Amino acid sequence: MPNDIRPTKVFFDFEFTGLHQNTTPISLGCVADDGSAFYCEFSDFDANQVDGWIRENILSHTGQLLADSRNRAQAADDLRIWLAQFGRVEMWGDCLAYDWVLFCELFGGARSIPGNVFYIPFDICTLMYAKGIDPDISREDLAGIAG
């Protein structure tokens with residue numbers, strides 16, 4: 001990343017309604033390398049896209065329909081405020097094929113992401129592959145955590 005100011009690394013992950021072009025976000029979690037975190041659940045995801053696997057593995061672990069869930073516009077505003085506390089930001093994701101698209105769409109497209117966010121995201125799976133680590137390894141095994 002250009003500039004000599006050390007950027008904050010923000011690790012992010014969306015849960016979404018399916019592996020297809022018109023997917024909608026269910027939740028978003030972000031953790032900065034200083035330990036601060038942002039989490040939101042979306043009230044306006046397309047429930048018609050939710051299948052049994054998503055219901056069992058995602059929605060059963062979220063607090064959907066809680067009063068503090070947000071629509072995408074509210075989430076974008078809250079996330080923009082949270083990201084503003086950092087100087088320059090690098091976004092890091094596990095598998096970016098959907099996460100980065102959803103991140104950009106949250107703000108109205110890639111040209112509208114917050115100005116302090118570097119326009120190139122970083123992919124942990126690609127980094128693992130380049131370092132000779134199988135990107136399909138369970139993250140618990142990689143971290144040495146008993147699953």
# chains A, B, ... in the order shown; residues from 1 in each chain; ligands from 1
$ residues_around --residues "Thr24 of chain A" --least-positions-apart "3" --cutoff "7 Å" --atoms "only C-alpha atoms" --output "PyMOL selection string"
chain A and resi 16-17+45-46
$ residues_around --residues "Leu106 of chain A" --least-positions-apart "5" --cutoff "10 Å" --atoms "only C-alpha atoms" --output "list in words"
Pro25, Arg72, Ala73, Gln74, Ala75, Ala76, Asp77, Leu79, Trp100, Val101, Ser112 and Ile113 of chain A
$ closest_residue --among "A:Asp99, A:Asp44, A:Asp94, A:Asp33" --to "Cys125 of chain A" --atoms "only C-alpha atoms"
A:Asp94
$ residues_around --residues "Leu59 of chain A" --least-positions-apart "4" --cutoff "12 Å" --atoms "only C-alpha atoms" --output "NGL selection string"
:A and (15-17 or 25-27 or 41-43 or 45 or 47 or 50-55 or 63-65)
$ write_last_selection --atoms "N, CA and C atoms" --output "mmCIF file, in the first residue's frame"
data_model
loop_
_atom_site.group_PDB
_atom_site.id
_atom_site.type_symbol
_atom_site.label_atom_id
_atom_site.label_comp_id
_atom_site.auth_asym_id
_atom_site.auth_seq_id
_atom_site.Cartn_x
_atom_site.Cartn_y
_atom_site.Cartn_z
ATOM 1 N N GLU A 15 -21.702 -13.301 6.102
ATOM 2 C CA GLU A 15 -22.547 -14.465 5.879
ATOM 3 C C GLU A 15 -23.622 -13.959 4.932
ATOM 4 N N PHE A 16 -24.010 -14.783 3.962
ATOM 5 C CA PHE A 16 -24.930 -14.316 2.938
ATOM 6 C C PHE A 16 -25.830 -15.452 2.505
ATOM 7 N N THR A 17 -26.811 -15.119 1.671
ATOM 8 C CA THR A 17 -27.907 -16.040 1.386
ATOM 9 C C THR A 17 -27.606 -17.131 0.368
ATOM 10 N N PRO A 25 -26.570 -9.981 1.946
ATOM 11 C CA PRO A 25 -25.875 -10.220 3.206
ATOM 12 C C PRO A 25 -26.824 -10.501 4.366
ATOM 13 N N ILE A 26 -26.404 -11.438 5.218
ATOM 14 C CA ILE A 26 -27.128 -11.772 6.450
ATOM 15 C C ILE A 26 -26.439 -11.107 7.644
ATOM 16 N N SER A 27 -25.113 -11.186 7.679
ATOM 17 C CA SER A 27 -24.356 -10.556 8.765
ATOM 18 C C SER A 27 -22.963 -10.197 8.261
ATOM 19 N N GLU A 41 -26.037 -7.434 11.889
ATOM 20 C CA GLU A 41 -26.925 -8.354 11.188
ATOM 21 C C GLU A 41 -27.868 -7.512 10.353
ATOM 22 N N PHE A 42 -28.216 -8.029 9.191
ATOM 23 C CA PHE A 42 -29.026 -7.286 8.244
ATOM 24 C C PHE A 42 -30.493 -7.702 8.339
ATOM 25 N N SER A 43 -31.368 -6.719 8.360
ATOM 26 C CA SER A 43 -32.804 -6.986 8.428
ATOM 27 C C SER A 43 -33.415 -7.143 7.038
ATOM 28 N N PHE A 45 -32.156 -8.919 4.278
ATOM 29 C CA PHE A 45 -31.684 -9.974 3.387
ATOM 30 C C PHE A 45 -32.888 -10.647 2.737
ATOM 31 N N ALA A 47 -35.025 -13.451 2.291
ATOM 32 C CA ALA A 47 -35.345 -14.717 2.953
ATOM 33 C C ALA A 47 -35.739 -15.804 1.954
ATOM 34 N N VAL A 50 -32.840 -18.227 1.204
ATOM 35 C CA VAL A 50 -32.289 -19.022 2.296
ATOM 36 C C VAL A 50 -32.689 -20.479 2.122
ATOM 37 N N ASP A 51 -31.682 -21.349 2.107
ATOM 38 C CA ASP A 51 -31.962 -22.783 2.027
ATOM 39 C C ASP A 51 -31.782 -23.417 3.407
ATOM 40 N N GLY A 52 -31.991 -24.726 3.481
ATOM 41 C CA GLY A 52 -31.887 -25.442 4.758
ATOM 42 C C GLY A 52 -30.522 -25.332 5.399
ATOM 43 N N TRP A 53 -29.458 -25.394 4.591
ATOM 44 C CA TRP A 53 -28.106 -25.315 5.144
ATOM 45 C C TRP A 53 -27.872 -23.953 5.790
ATOM 46 N N ILE A 54 -28.276 -22.885 5.122
ATOM 47 C CA ILE A 54 -28.102 -21.534 5.669
ATOM 48 C C ILE A 54 -28.939 -21.370 6.932
ATOM 49 N N ARG A 55 -30.165 -21.879 6.903
ATOM 50 C CA ARG A 55 -31.030 -21.795 8.076
ATOM 51 C C ARG A 55 -30.383 -22.499 9.275
ATOM 52 N N GLY A 63 -28.897 -13.486 15.713
ATOM 53 C CA GLY A 63 -30.043 -12.963 16.452
ATOM 54 C C GLY A 63 -31.033 -12.294 15.527
ATOM 55 N N GLN A 64 -31.236 -12.857 14.347
ATOM 56 C CA GLN A 64 -32.121 -12.228 13.366
ATOM 57 C C GLN A 64 -33.427 -11.786 14.013
ATOM 58 N N LEU A 65 -33.910 -10.672 13.535
ATOM 59 C CA LEU A 65 -35.138 -10.024 13.966
ATOM 60 C C LEU A 65 -34.985 -9.312 15.305
#
$ closest_residue --among "A:Ile120, A:Cys104, A:Leu28, A:Leu127" --to "Glu90 of chain A" --atoms "only C-alpha atoms"
A:Ile120
$ atom_distance --atom1 "atom CA of Ala97 of chain A" --atom2 "atom CA of Arg6 of chain A"
25.9 Å
$ select_by_dssp --residues "chain A" --states "alpha helix (DSSP H)" --output "NGL selection string"
:A and (52-57 or 72-84 or 96-106 or 124-130 or 139-143)
$ residues_around --residues "Ile137 of chain A" --least-positions-apart "4" --cutoff "10 Å" --atoms "only C-alpha atoms" --output "list in words"
Cys125, Met128, Ile133, Asp141 and Leu142 of chain A
$ write_last_selection --atoms "all heavy atoms" --output "mmCIF file, in the first residue's frame"
data_model
loop_
_atom_site.group_PDB
_atom_site.id
_atom_site.type_symbol
_atom_site.label_atom_id
_atom_site.label_comp_id
_atom_site.auth_asym_id
_atom_site.auth_seq_id
_atom_site.Cartn_x
_atom_site.Cartn_y
_atom_site.Cartn_z
ATOM 1 N N CYS A 125 -6.672 -16.800 1.681
ATOM 2 C CA CYS A 125 -6.503 -18.081 0.974
ATOM 3 C C CYS A 125 -5.365 -18.010 -0.045
ATOM 4 O O CYS A 125 -4.583 -18.956 -0.172
ATOM 5 C CB CYS A 125 -7.793 -18.479 0.274
ATOM 6 S SG CYS A 125 -9.056 -19.085 1.378
ATOM 7 N N MET A 128 -2.110 -18.090 1.849
ATOM 8 C CA MET A 128 -1.817 -19.452 2.308
ATOM 9 C C MET A 128 -1.287 -20.313 1.167
ATOM 10 O O MET A 128 -0.285 -21.014 1.326
ATOM 11 C CB MET A 128 -3.085 -20.074 2.919
ATOM 12 C CG MET A 128 -3.486 -19.450 4.236
ATOM 13 S SD MET A 128 -5.132 -19.934 4.811
ATOM 14 C CE MET A 128 -4.990 -21.692 4.925
ATOM 15 N N ILE A 133 0.505 -23.640 2.042
ATOM 16 C CA ILE A 133 -0.501 -24.151 2.983
ATOM 17 C C ILE A 133 -1.783 -24.402 2.198
ATOM 18 O O ILE A 133 -2.236 -23.542 1.441
ATOM 19 C CB ILE A 133 -0.765 -23.133 4.109
ATOM 20 C CG1 ILE A 133 0.523 -22.847 4.883
ATOM 21 C CG2 ILE A 133 -1.855 -23.633 5.046
ATOM 22 C CD1 ILE A 133 0.408 -21.669 5.834
ATOM 23 N N ASP A 141 -7.987 -26.255 12.673
ATOM 24 C CA ASP A 141 -6.721 -26.994 12.596
ATOM 25 C C ASP A 141 -5.547 -26.059 12.377
ATOM 26 O O ASP A 141 -4.501 -26.209 12.993
ATOM 27 C CB ASP A 141 -6.762 -28.036 11.469
ATOM 28 C CG ASP A 141 -7.681 -29.209 11.767
ATOM 29 O OD1 ASP A 141 -8.082 -29.372 12.936
ATOM 30 O OD2 ASP A 141 -7.998 -29.954 10.833
ATOM 31 N N LEU A 142 -5.724 -25.088 11.505
ATOM 32 C CA LEU A 142 -4.658 -24.138 11.211
ATOM 33 C C LEU A 142 -4.257 -23.363 12.473
ATOM 34 O O LEU A 142 -3.086 -23.136 12.732
ATOM 35 C CB LEU A 142 -5.097 -23.169 10.114
ATOM 36 C CG LEU A 142 -4.076 -22.117 9.685
ATOM 37 C CD1 LEU A 142 -2.862 -22.783 9.031
ATOM 38 C CD2 LEU A 142 -4.712 -21.120 8.732
#
$ residues_around --residues "Thr8 of chain A" --least-positions-apart "2" --cutoff "9 Å" --atoms "only C-alpha atoms" --output "list in words"
Arg6, Val10, Ala32, Asp33, Asp34, Phe86, Gly87, Arg88, Val89, Glu90 and Met91 of chain A
$ closest_residue --among "A:Ala143, A:Leu96, A:Leu83, A:Ala37" --to "Asp13 of chain A" --atoms "only C-alpha atoms"
A:Leu96
$ atom_distance --atom1 "atom CA of Gln49 of chain A" --atom2 "atom CA of Leu19 of chain A"
10.0 Å
$ select_by_dssp --residues "chain A" --states "strand (DSSP E or B)" --output "ChimeraX atom specification"
/A:8-16,25-32,37-42,70,89-93,117,122-123
$ closest_residue --among "A:Asp78, A:Leu102, A:Asn57, A:Ala130" --to "His20 of chain A" --atoms "only C-alpha atoms"
A:Leu102
